[in-house]
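Asker: This structure is in C-alpha cells; I'll ask about it shortly.
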Amino acid sequence: MSKKNISQEKIIQSFLASAFEKSAGATSLADISDSLQIKKASLYNHFASRDEMYDATIQLCSKEMGSISFLSDKTVENIKNNKSALLPLFKRQVTRFFNLYETEPLFQMYVFIHTEQYFNIKALEIIREEFEKITDDIRKILDAFASIEKITIKADKEIREQAAGIAAILLQQRDFYIANRKEIVRQNPESGAGTLFALPTDDEALNRTIKLIENNLKKISSVSQ
C-alpha cells in the first residue's frame, strides 16, 4: 500500500477518532493503520513509537484547544464604544463557545484530553490552562464594561473573582453538554461519531447555561439590560 497522502496530522486524526470510539488506551497501531488503509509498519515512517504518536497528539490538542477564545474580534472595542450590552453579549459568546465544541476534530480533542487528564499530567495542564485563558477573556470583558460604568464592581480582585466564577459555570456546563452529546453517539454506535455533528444544538442545555451566567451577571449590572 502506498504511503502517499499520509502525514503525521492524518495519523493523529485517526488516533483521535479511534480514541473517541474506544479510548486512547484501547487504540492499537493496527486500528490506526487499518483506518488509514496502510501497513502498520508505515506508521514508523512518521513516528518512532506509539508513545511518540501519543505525545504528538497531546501537543496538537494543546495548540488547538489553546487557540479557542471566549472573546471574538473587536469584543472589547465594541463594549467601550457602547455597541454591546452586557447580557446580550454574554448570550452570544456562550452560544458561540458551545458551537465551537460541536465541530470536528475539536470535539474529539476535548474528549481525548478530558479522558487523559487522569493519566497524563500534560493533559491536566491543558485543562488548567483552558480555565485560566477563559477566565482572562471574561475578565477583559468585565474590565471593559467597568470602564464605561455598566457594572458595579471595579476593583481588579473583584473582577477577577467574578470572571473565575463565570468561567467555572461556563466550563462545567460545557462539560455536561458534551458528555450528554457523546452519550447519544455511544448509544447509537452504528451511526458513528459523525452523527454528533449532524445533531441539532441542544437549546435547552444551552439556555440553562446562559440563564445561570445571566443570573450571576445581574448581580453586578449597573444598568437595565
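Residues in the C-alpha cells are named by chain (A, B, ... in the order shown) and by number from 1 within that chain; ligands are numbered from 1 in the order shown.
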Quick check for you: according to DSSP on this backbone, which residues of region 6-150 of chain A are classed as helix (DSSP H, G or I)? Reply as a count of residues only.
Answerer: 105
Asker: Each residue of region 107-168 of chain A with at least one atom at most 12 Å from region 25-48 of chain A should appear once, together with its nearest atom pair and the corresponding distance in Å (one decimal); atoms considered: only C-alpha atoms; ordering: chain, then increasing residue number; output as a Markdown table.
Answerer:
```
| residue | atom | partner | partner_atom | distance |
| --- | --- | --- | --- | --- |
| A:Phe112 | CA | A:Gly25 | CA | 10.6 |
| A:Thr115 | CA | A:Gly25 | CA | 10.3 |
| A:Glu116 | CA | A:Gly25 | CA | 9.3 |
| A:Phe119 | CA | A:Gly25 | CA | 10.0 |
| A:Asn120 | CA | A:Gly25 | CA | 11.8 |
```
Asker: Next, dump the selected residues to file, keeping only all heavy atoms, as a compact mmCIF listing (two decimals), in the first residue's frame.
Answerer:
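Final output, saved to selection.txt:
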```
# COMPACT_ATOMS: atom_id res chain seq x y z
N PHE A 112 -10.64 13.46 24.21
CA PHE A 112 -9.33 12.85 24.44
C PHE A 112 -8.65 13.48 25.65
O PHE A 112 -8.21 12.78 26.56
CB PHE A 112 -8.47 13.02 23.18
CG PHE A 112 -7.05 12.56 23.34
CD1 PHE A 112 -6.74 11.21 23.35
CD2 PHE A 112 -6.01 13.48 23.47
CE1 PHE A 112 -5.43 10.78 23.49
CE2 PHE A 112 -4.71 13.05 23.62
CZ PHE A 112 -4.41 11.70 23.62
N THR A 115 -10.36 12.85 29.03
CA THR A 115 -10.16 11.47 29.48
C THR A 115 -8.74 11.26 29.97
O THR A 115 -8.51 10.67 31.04
CB THR A 115 -10.45 10.49 28.33
OG1 THR A 115 -11.81 10.65 27.89
CG2 THR A 115 -10.27 9.05 28.79
N GLU A 116 -7.79 11.78 29.23
CA GLU A 116 -6.37 11.55 29.55
C GLU A 116 -5.86 12.36 30.73
O GLU A 116 -4.77 12.10 31.24
CB GLU A 116 -5.51 11.83 28.31
CG GLU A 116 -5.75 10.86 27.16
CD GLU A 116 -5.59 9.41 27.59
OE1 GLU A 116 -4.47 9.04 28.04
OE2 GLU A 116 -6.58 8.66 27.52
N PHE A 119 -4.51 10.39 33.47
CA PHE A 119 -3.35 9.53 33.22
C PHE A 119 -2.12 10.31 32.78
O PHE A 119 -1.02 9.77 32.79
CB PHE A 119 -3.69 8.50 32.13
CG PHE A 119 -4.98 7.76 32.38
CD1 PHE A 119 -6.13 8.10 31.69
CD2 PHE A 119 -5.03 6.74 33.31
CE1 PHE A 119 -7.32 7.42 31.92
CE2 PHE A 119 -6.22 6.05 33.54
CZ PHE A 119 -7.36 6.40 32.86
N ASN A 120 -2.30 11.56 32.40
CA ASN A 120 -1.20 12.32 31.81
C ASN A 120 -1.20 13.75 32.36
O ASN A 120 -2.19 14.47 32.20
CB ASN A 120 -1.35 12.33 30.28
CG ASN A 120 -0.19 12.98 29.57
OD1 ASN A 120 -0.03 14.19 29.62
ND2 ASN A 120 0.63 12.19 28.90
```
Asker: Tell me, as a list in words, which residues lie within 12 Å of Leu124 (chain A), counting only C-alpha atoms; anything in the same chain fewer than 2 positions away does not count.
Answerer: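 My reading of the contact set: Ile58, Cys61, Ser62, Tyr110, Phe112, Ile113, His114, Thr115, Glu116, Gln117, Tyr118, Phe119, Asn120, Ile121, Lys122, Ile126, Ile127, Arg128, Glu129, Glu130 and Phe131 of chain A.
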Asker: Which polymer residues have any atom within 10 Å of an atom of Asp202 (chain A), counting only C-alpha atoms, with same-chain residues fewer than 3 positions away left out, as an MDAnalysis selection string?
Answerer: chainID A and resid 98 177 180:181 199 205:207
Asker: Take CA of Met65 (chain A) and CA of Ile184 (chain A) and report the distance between them in Å, one decimal.
Answerer: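 Spanning CA of Met65 (chain A) to CA of Ile184 (chain A) is a straight-line distance of 23.2 Å.
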Asker: Of the candidates A:Thr135, A:Ser147, A:Thr57, A:Asn81, which shows the shortest atom-to-atom distance to Ala123 (chain A), using only C-alpha atoms?
Answerer: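 Among the listed residues, the smallest separation from Ala123 (chain A) belongs to A:Thr57.
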Asker: Go ahead and compute the interatomic distance for CA of Lys218 (chain A) and CA of Asn78 (chain A), in Å to one decimal.
Answerer: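 Computing the Euclidean distance for CA of Lys218 (chain A) and CA of Asn78 (chain A) yields 20.2 Å.
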Asker: Report, in Å with one decimal, the straight-line distance from CA of Glu9 (chain A) to CA of Thr95 (chain A).
Answerer: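 The value is 29.0 Å.
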Asker: With distances taken over only C-alpha atoms, which of A:Ile151, A:Ile159, A:Leu87, A:Ile178 is nearest to Asn99 (chain A)?
Answerer: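 For Asn99 (chain A), the nearest of the candidates is A:Ile178.
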Asker: Once you count only C-alpha atoms, what closest atom pair and distance in Å to one decimal does each residue of region 48-107 of chain A within 12 Å of region 11-18 of chain A have, with rows by chain and rising residue number, as a Markdown table?
Answerer:
```
| residue | atom | partner | partner_atom | distance |
| --- | --- | --- | --- | --- |
| A:Arg50 | CA | A:Phe15 | CA | 10.2 |
| A:Asp51 | CA | A:Phe15 | CA | 11.9 |
| A:Glu52 | CA | A:Ile12 | CA | 10.7 |
| A:Met53 | CA | A:Ile12 | CA | 7.1 |
| A:Tyr54 | CA | A:Ile12 | CA | 8.2 |
| A:Asp55 | CA | A:Ile12 | CA | 10.0 |
| A:Ala56 | CA | A:Ile12 | CA | 7.6 |
| A:Thr57 | CA | A:Ile12 | CA | 5.8 |
| A:Ile58 | CA | A:Ile12 | CA | 9.6 |
| A:Gln59 | CA | A:Ile12 | CA | 10.5 |
| A:Leu60 | CA | A:Ile12 | CA | 8.5 |
| A:Cys61 | CA | A:Leu16 | CA | 9.8 |
| A:Glu104 | CA | A:Ala17 | CA | 9.8 |
| A:Pro105 | CA | A:Gln13 | CA | 7.6 |
| A:Leu106 | CA | A:Leu16 | CA | 10.0 |
| A:Phe107 | CA | A:Leu16 | CA | 9.9 |
```
Asker: Would you save the residues from that selection as a tab-separated table (two decimals), in the first residue's frame, using all heavy atoms?
Answerer:
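Listing of part_12.tsv after writing:
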```
chain	number	residue	atom	x	y	z
A	50	ARG	N	4.63	4.32	19.40
A	50	ARG	CA	3.27	4.70	19.76
A	50	ARG	C	3.30	5.83	20.78
A	50	ARG	O	2.45	6.73	20.76
A	50	ARG	CB	2.51	3.50	20.32
A	50	ARG	CG	1.04	3.78	20.59
A	50	ARG	CD	0.36	2.59	21.26
A	50	ARG	NE	-1.05	2.83	21.45
A	50	ARG	CZ	-1.57	3.59	22.44
A	50	ARG	NH1	-0.75	4.20	23.30
A	50	ARG	NH2	-2.88	3.74	22.55
A	51	ASP	N	4.26	5.79	21.71
A	51	ASP	CA	4.38	6.85	22.71
A	51	ASP	C	4.64	8.20	22.05
A	51	ASP	O	4.09	9.23	22.49
A	51	ASP	CB	5.52	6.53	23.69
A	51	ASP	CG	5.16	5.43	24.66
A	51	ASP	OD1	3.95	5.11	24.78
A	51	ASP	OD2	6.07	4.88	25.30
A	52	GLU	N	5.45	8.22	21.02
A	52	GLU	CA	5.73	9.47	20.31
A	52	GLU	C	4.46	9.98	19.63
A	52	GLU	O	4.19	11.19	19.62
A	52	GLU	CB	6.83	9.26	19.27
A	52	GLU	CG	7.24	10.55	18.56
A	52	GLU	CD	8.37	10.35	17.58
A	52	GLU	OE1	9.51	10.12	18.04
A	52	GLU	OE2	8.11	10.42	16.35
A	53	MET	N	3.67	9.07	19.09
A	53	MET	CA	2.40	9.43	18.47
A	53	MET	C	1.44	10.02	19.52
A	53	MET	O	0.79	11.04	19.27
A	53	MET	CB	1.76	8.20	17.82
A	53	MET	CG	0.46	8.47	17.08
A	53	MET	SD	-0.36	6.92	16.60
A	53	MET	CE	0.96	6.10	15.68
A	54	TYR	N	1.40	9.40	20.67
A	54	TYR	CA	0.55	9.86	21.77
A	54	TYR	C	0.97	11.26	22.20
A	54	TYR	O	0.13	12.16	22.36
A	54	TYR	CB	0.65	8.87	22.92
A	54	TYR	CG	-0.12	9.26	24.16
A	54	TYR	CD1	-1.44	8.85	24.35
A	54	TYR	CD2	0.48	10.02	25.17
A	54	TYR	CE1	-2.14	9.19	25.49
A	54	TYR	CE2	-0.21	10.36	26.32
A	54	TYR	CZ	-1.51	9.94	26.48
A	54	TYR	OH	-2.20	10.30	27.61
A	55	ASP	N	2.27	11.46	22.38
A	55	ASP	CA	2.77	12.78	22.80
A	55	ASP	C	2.47	13.85	21.76
A	55	ASP	O	2.13	14.99	22.10
A	55	ASP	CB	4.28	12.71	23.04
A	55	ASP	CG	4.64	11.91	24.28
A	55	ASP	OD1	3.74	11.68	25.12
A	55	ASP	OD2	5.82	11.50	24.41
A	56	ALA	N	2.58	13.49	20.48
A	56	ALA	CA	2.28	14.44	19.41
A	56	ALA	C	0.80	14.80	19.41
A	56	ALA	O	0.43	15.95	19.11
A	56	ALA	CB	2.68	13.86	18.06
A	57	THR	N	-0.04	13.85	19.77
A	57	THR	CA	-1.48	14.11	19.86
A	57	THR	C	-1.77	15.08	21.00
A	57	THR	O	-2.57	16.02	20.83
A	57	THR	CB	-2.25	12.79	20.08
A	57	THR	OG1	-1.95	11.88	19.01
A	57	THR	CG2	-3.76	13.03	20.10
A	58	ILE	N	-1.13	14.89	22.13
A	58	ILE	CA	-1.28	15.81	23.26
A	58	ILE	C	-0.86	17.22	22.84
A	58	ILE	O	-1.54	18.21	23.12
A	58	ILE	CB	-0.43	15.35	24.46
A	58	ILE	CG1	-0.99	14.06	25.07
A	58	ILE	CG2	-0.34	16.46	25.51
A	58	ILE	CD1	-2.21	14.23	25.92
A	59	GLN	N	0.27	17.31	22.14
A	59	GLN	CA	0.79	18.62	21.71
A	59	GLN	C	-0.17	19.32	20.76
A	59	GLN	O	-0.40	20.53	20.86
A	59	GLN	CB	2.16	18.45	21.06
A	59	GLN	CG	3.26	18.05	22.04
A	59	GLN	CD	4.56	17.73	21.34
A	59	GLN	OE1	4.74	18.00	20.16
A	59	GLN	NE2	5.49	17.14	22.08
A	60	LEU	N	-0.73	18.56	19.81
A	60	LEU	CA	-1.67	19.15	18.86
A	60	LEU	C	-2.93	19.63	19.58
A	60	LEU	O	-3.44	20.72	19.30
A	60	LEU	CB	-2.04	18.15	17.77
A	60	LEU	CG	-3.03	18.67	16.71
A	60	LEU	CD1	-2.44	19.83	15.93
A	60	LEU	CD2	-3.45	17.55	15.77
A	61	CYS	N	-3.42	18.82	20.51
A	61	CYS	CA	-4.61	19.22	21.27
A	61	CYS	C	-4.33	20.49	22.07
A	61	CYS	O	-5.19	21.37	22.17
A	61	CYS	CB	-5.03	18.09	22.21
A	61	CYS	SG	-5.70	16.64	21.37
A	104	GLU	N	-15.87	19.02	14.41
A	104	GLU	CA	-14.80	18.03	14.36
A	104	GLU	C	-13.55	18.68	13.77
A	104	GLU	O	-13.68	19.47	12.84
A	104	GLU	CB	-15.25	16.86	13.48
A	104	GLU	CG	-14.39	15.64	13.56
A	104	GLU	CD	-14.97	14.50	12.73
A	104	GLU	OE1	-15.81	14.78	11.84
A	104	GLU	OE2	-14.59	13.35	12.96
A	105	PRO	N	-12.34	18.46	14.31
A	105	PRO	CA	-11.99	17.46	15.34
A	105	PRO	C	-11.94	18.02	16.76
A	105	PRO	O	-11.49	17.32	17.66
A	105	PRO	CB	-10.59	17.04	14.90
A	105	PRO	CG	-9.99	18.31	14.38
A	105	PRO	CD	-11.13	19.06	13.70
A	106	LEU	N	-12.36	19.28	16.99
A	106	LEU	CA	-12.24	19.86	18.33
A	106	LEU	C	-13.00	19.03	19.36
A	106	LEU	O	-12.52	18.85	20.49
A	106	LEU	CB	-12.74	21.30	18.34
A	106	LEU	CG	-12.49	22.08	19.63
A	106	LEU	CD1	-11.01	22.12	19.96
A	106	LEU	CD2	-13.06	23.48	19.53
A	107	PHE	N	-14.14	18.52	18.99
A	107	PHE	CA	-14.92	17.70	19.92
A	107	PHE	C	-14.11	16.47	20.33
A	107	PHE	O	-14.05	16.11	21.50
A	107	PHE	CB	-16.24	17.28	19.27
A	107	PHE	CG	-17.10	16.44	20.17
A	107	PHE	CD1	-17.97	17.03	21.07
A	107	PHE	CD2	-17.02	15.06	20.14
A	107	PHE	CE1	-18.75	16.26	21.92
A	107	PHE	CE2	-17.80	14.28	20.98
A	107	PHE	CZ	-18.67	14.88	21.86
```
Asker: For a quick check of understanding, using only C-alpha atoms, which of A:Lys157, A:Phe145, A:Phe20, A:Ile213 has the smallest distance to Gln93 (chain A)?
Answerer: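 Going through A:Lys157, A:Phe145, A:Phe20, A:Ile213 one by one, the smallest distance to Gln93 (chain A) is for A:Ile213.
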